[in-house]
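Reading through the structure tokens given below for one structure.
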There are 2 protein chains.
Amino acid sequence: MTEIRQNIATKEWVIIATERARRPGEFAHPRQELTADRPAWDPTCPFCPGNEEPPPMEQARIPADGPWQVRVLLNKYPALRMEGERDRHFEGIYRWLPGVGRHEIIVESPRHNTCPALMTPQEVARVIRTFQARGRDLAQEPCIEQIIYFQNHGPDAGTSLVHPHSQIVGLPVVPSHVRSRSEGARRYFDDTGRCVYCQMVREELASAERLIAVNEQFVAFIPYAAFSPFHTWILPRRHYSTFLGASPEEIDDLGIILRDVLSRIYVGLHDPDYNYVIRSAPVHDMGRDYLHWYVTVIPHVTKTAGFEMGSGMFINVTLPEASAAFLREVQPVAG
Amino acid sequence: MTEIRQNIATKEWVIIATERARRPGEFAHPRQELTADRPAWDPTCPFCPGNEEPPPMEQARIPADGPWQVRVLLNKYPALRMEGERDRHFEGIYRWLPGVGRHEIIVESPRHNTCPALMTPQEVARVIRTFQARGRDLAQEPCIEQIIYFQNHGPDAGTSLVHPHSQIVGLPVVPSHVRSRSEGARRYFDDTGRCVYCQMVREELASAERLIAVNEQFVAFIPYAAFSPFHTWILPRRHYSTFLGASPEEIDDLGIILRDVLSRIYVGLHDPDYNYVIRSAPVHDMGRDYLHWYVTVIPHVTKTAGFEMGSGMFINVTLPEASAAFLREVQPVAG
């Protein structure tokens, strides 16, 4: 018997196909070369020290003087750039606007052969702090409505450069996907007077069967209606709409728990390709009390197919409870 | 300068990143083995004649007597099955229902080394007629709310068996993705008194710059806000909510144009992995006059990444007009 579970925050249905269930460990398949096996410096890598392109590509470097630890660059082929007006234009019945916005790269380390799973918690927190500092700057730009923070790790996750880096995109529109998530949270709040994400934190802590890790500020778990194996949510315990409002203590704790989760995935699944994303309120909706920011981690261990495209639903061939138990058992990289 | 285009039917925004634009032909990369290069019969393939599993897996065969041309099977590992009640259950704050529904496979040909691009238009129409016959049966089941028809071609499209086959899933819920598409079409209808899909057919025929092929009953084009290179829509000219109401003439013409489009993709891009999906009204919404069924074809020539996951928006690195011009120029397989 399979079951269809609903994510109460997003209203998405997921088929948990327990009949074709695979054991979580079966998803492990080693990369040709693990991140840790690469050289620490690559003469052909544009992000390695010594190969840096000169300013004006560089937006920021940390520390400001001496050898850098984190570097912020303008994307060389930006999807968006801070030029012109974001007025809508019409072309027959269609509409478009110029690609106004911002697209930046964060080079996370001078070391070529690392990734958050292998960094120290402090190094991961430094990257998150850089996300926040850049996000606060972008939120001041009148044309920016939504900021997307993400990391692509590996070719199946959409990156070609292996040097550890992540990206920030400032969008001049609120995507309909973000709007519909907000709408789901608003409806739940209107019905119950409560934040659906806070409810999930309480429920996950109480049942504990889908937990991966917890610390003072955060709870990491596989959602009840996880859409793929090891799809993970990391929620701040403190109710707040936007990542831009995360406190220094929260950022330190996020560095610890994000590294812990990614490191269990690295060890348990042999460094699979993955994405992580920080989901945060639209810039002008920060005051909405039904929104709650969080981090999603999505390892790429299965393929999406026509069913997912046709229905927007997913088939997950593992039990979220089994995936969580598997990751709880993994010994993370010492850090 | 990049531009952000809106799909007026789905309200989704797509960044058309013309600055990093690649020429459409650059997406062609040969498979290790083209479909046509495989043997016509494979002794290890469960779908090849002679290897058939006996009934009760078989639901239908065409023709009913003698060697089959098309076969309908129950999926051996069904995501859903016609058993039990679809009542909602509660588990703490969460909800689930049993996996009630239907999951069938259509084996499209006895030949191992074919695919719709290489079939005759009549063979493709026979598969579509089988979709419709099975869909009409499923629509009679009280527990089924939505029927998804799709094909996965190749491993990146989510299939492991290469023998040409497609799938039908009858769902006991209307996915939120389908609801939000309906909602978009309803709003357009309320605003303008017109079907947004009919408007798009008119606009595409008038401008002609994104057309791939047309015939008496259908129009195939790259949408103005295509979310990936070669993302194609095939729309019936006749306004109708559901594929279940397609006439015999429409099915014949769909066989011709779907084969034509897939065959241009096969030749022009060297048999890439792809999905196609028939998008049709929920079973109990067939009477809605703002819905219009159609077919979407999605070749897998790029990867989605954290940006897409975080925003629900896509970055398309080709101009839809250039992709359409490229496919118009390709000589399809003779058939």
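Just remember, in the structure tokens the first chain shown is A, the second B, etc., residues are 1-based per chain, and ligands are 1-based in the order shown.
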
Counting only C-alpha atoms, collect the residues of chain B whose closest atom lies at most 6 Å from chain A, and write them out as an mmCIF file with N, CA and C atoms, in the first residue's frame.
data_model
loop_
_atom_site.group_PDB
_atom_site.id
_atom_site.type_symbol
_atom_site.label_atom_id
_atom_site.label_comp_id
_atom_site.auth_asym_id
_atom_site.auth_seq_id
_atom_site.Cartn_x
_atom_site.Cartn_y
_atom_site.Cartn_z
ATOM 1 N N THR B 2 19.219 40.998 -20.483
ATOM 2 C CA THR B 2 18.320 39.850 -20.444
ATOM 3 C C THR B 2 16.899 40.378 -20.318
ATOM 4 N N GLU B 3 15.905 39.493 -20.550
ATOM 5 C CA GLU B 3 14.535 39.923 -20.314
ATOM 6 C C GLU B 3 13.778 38.877 -19.521
ATOM 7 N N ILE B 4 12.745 39.321 -18.829
ATOM 8 C CA ILE B 4 11.937 38.437 -18.000
ATOM 9 C C ILE B 4 10.565 38.389 -18.653
ATOM 10 N N ARG B 5 10.191 37.194 -19.134
ATOM 11 C CA ARG B 5 8.915 37.063 -19.836
ATOM 12 C C ARG B 5 7.917 36.333 -18.958
ATOM 13 N N GLN B 6 6.654 36.676 -19.100
ATOM 14 C CA GLN B 6 5.626 35.983 -18.329
ATOM 15 C C GLN B 6 4.795 35.089 -19.232
ATOM 16 N N ALA B 17 17.935 34.572 -20.830
ATOM 17 C CA ALA B 17 19.280 35.103 -20.597
ATOM 18 C C ALA B 17 20.024 35.163 -21.917
ATOM 19 N N ARG B 20 23.987 35.102 -22.190
ATOM 20 C CA ARG B 20 24.753 33.873 -22.198
ATOM 21 C C ARG B 20 24.139 32.903 -23.213
ATOM 22 N N TYR B 77 5.165 -2.093 -10.262
ATOM 23 C CA TYR B 77 5.381 -1.412 -8.980
ATOM 24 C C TYR B 77 4.525 -0.151 -8.974
ATOM 25 N N ALA B 79 2.480 3.162 -8.367
ATOM 26 C CA ALA B 79 2.479 4.250 -7.395
ATOM 27 C C ALA B 79 1.135 4.269 -6.668
ATOM 28 N N ARG B 95 -1.689 15.292 7.271
ATOM 29 C CA ARG B 95 -2.771 14.491 6.714
ATOM 30 C C ARG B 95 -2.258 13.635 5.568
ATOM 31 N N TRP B 96 -2.908 12.517 5.388
ATOM 32 C CA TRP B 96 -2.550 11.609 4.304
ATOM 33 C C TRP B 96 -3.797 10.847 3.886
ATOM 34 N N LEU B 97 -3.727 10.259 2.701
ATOM 35 C CA LEU B 97 -4.775 9.336 2.281
ATOM 36 C C LEU B 97 -4.106 8.132 1.643
ATOM 37 N N PRO B 98 -4.797 6.982 1.629
ATOM 38 C CA PRO B 98 -4.189 5.799 1.026
ATOM 39 C C PRO B 98 -3.962 6.031 -0.471
ATOM 40 N N GLY B 99 -2.984 5.361 -1.010
ATOM 41 C CA GLY B 99 -2.617 5.510 -2.428
ATOM 42 C C GLY B 99 -3.601 4.815 -3.353
ATOM 43 N N PHE B 150 1.679 10.517 -19.833
ATOM 44 C CA PHE B 150 3.033 11.025 -20.091
ATOM 45 C C PHE B 150 3.950 9.946 -20.647
ATOM 46 N N ASN B 152 8.241 9.106 -20.676
ATOM 47 C CA ASN B 152 9.614 9.395 -20.259
ATOM 48 C C ASN B 152 10.522 8.714 -21.284
ATOM 49 N N ALA B 157 15.231 11.524 -18.322
ATOM 50 C CA ALA B 157 13.796 11.803 -18.258
ATOM 51 C C ALA B 157 13.105 10.861 -17.290
ATOM 52 N N GLY B 158 13.890 10.007 -16.612
ATOM 53 C CA GLY B 158 13.318 9.202 -15.540
ATOM 54 C C GLY B 158 12.932 7.782 -15.904
ATOM 55 N N HIS B 177 -0.784 22.092 -8.297
ATOM 56 C CA HIS B 177 -0.226 22.597 -9.546
ATOM 57 C C HIS B 177 -1.306 22.698 -10.644
ATOM 58 N N ASN B 275 10.529 14.380 -21.947
ATOM 59 C CA ASN B 275 9.215 13.972 -21.464
ATOM 60 C C ASN B 275 8.166 14.640 -22.332
ATOM 61 N N VAL B 277 3.810 15.312 -21.988
ATOM 62 C CA VAL B 277 2.699 15.222 -21.050
ATOM 63 C C VAL B 277 1.456 15.746 -21.740
ATOM 64 N N LYS B 303 20.148 21.561 -17.104
ATOM 65 C CA LYS B 303 19.829 21.102 -15.750
ATOM 66 C C LYS B 303 19.106 22.219 -14.996
ATOM 67 N N THR B 304 18.191 21.837 -14.123
ATOM 68 C CA THR B 304 17.656 22.852 -13.228
ATOM 69 C C THR B 304 18.531 22.886 -11.981
ATOM 70 N N ALA B 305 18.537 24.029 -11.303
ATOM 71 C CA ALA B 305 19.475 24.213 -10.200
ATOM 72 C C ALA B 305 18.792 24.916 -9.047
ATOM 73 N N GLY B 306 19.604 25.325 -8.087
ATOM 74 C CA GLY B 306 19.080 25.941 -6.875
ATOM 75 C C GLY B 306 18.229 27.175 -7.153
ATOM 76 N N GLY B 310 14.615 27.558 -5.649
ATOM 77 C CA GLY B 310 14.340 28.621 -4.692
ATOM 78 C C GLY B 310 13.246 29.563 -5.149
ATOM 79 N N GLY B 312 11.162 28.978 -8.181
ATOM 80 C CA GLY B 312 10.122 28.458 -9.063
ATOM 81 C C GLY B 312 10.192 29.109 -10.441
#

Shell of 8 Å around region 325-330 of chain B, only C-alpha atoms, local chain residues under 2 positions omitted, as a PDB file with C-alpha atoms, in the first residue's frame:
ATOM      1  CA  PRO B  24      20.180  26.067 -30.466  1.00  0.00           C
ATOM      2  CA  GLY B  25      22.325  23.553 -32.345  1.00  0.00           C
ATOM      3  CA  GLU B 209       8.022  33.486 -35.184  1.00  0.00           C
ATOM      4  CA  ARG B 210       7.719  30.730 -32.597  1.00  0.00           C
ATOM      5  CA  LEU B 211       5.841  28.190 -34.736  1.00  0.00           C
ATOM      6  CA  ILE B 212       7.340  24.749 -35.332  1.00  0.00           C
ATOM      7  CA  ALA B 213       4.532  23.075 -37.274  1.00  0.00           C
ATOM      8  CA  ARG B 264      12.642  17.216 -35.494  1.00  0.00           C
ATOM      9  CA  ILE B 265      13.959  17.017 -31.917  1.00  0.00           C
ATOM     10  CA  VAL B 267      17.208  14.642 -35.730  1.00  0.00           C
ATOM     11  CA  GLY B 268      18.163  18.178 -34.701  1.00  0.00           C
ATOM     12  CA  GLU B 321      12.254  32.460 -31.426  1.00  0.00           C
ATOM     13  CA  ALA B 322      15.714  31.047 -32.223  1.00  0.00           C
ATOM     14  CA  SER B 323      14.825  27.560 -30.921  1.00  0.00           C
ATOM     15  CA  PRO B 332      12.047  15.396 -39.822  1.00  0.00           C
TER      16      PRO B 332
END

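All residues of protein, DNA or RNA that reach within 7 Å of region 115-132 of chain B, judged by only C-alpha atoms and not counting those fewer than 3 positions away in the chain, are Glu108, Gly135, Arg136, Pro164, Leu244, Ile251, Asp252, Leu254, Gly255, Ile256, Arg259, Leu262, Ser263, Tyr266, Val333 and Gly335 of chain B.
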
Contacts of Pro142 (chain A) within 10 Å, only C-alpha atoms, excl. fewer than 3 positions in-chain, as a count of residues only: 6

Two-atom distance - CA of Ala220 (chain B), CA of His292 (chain B) (Å): 14.6 Å
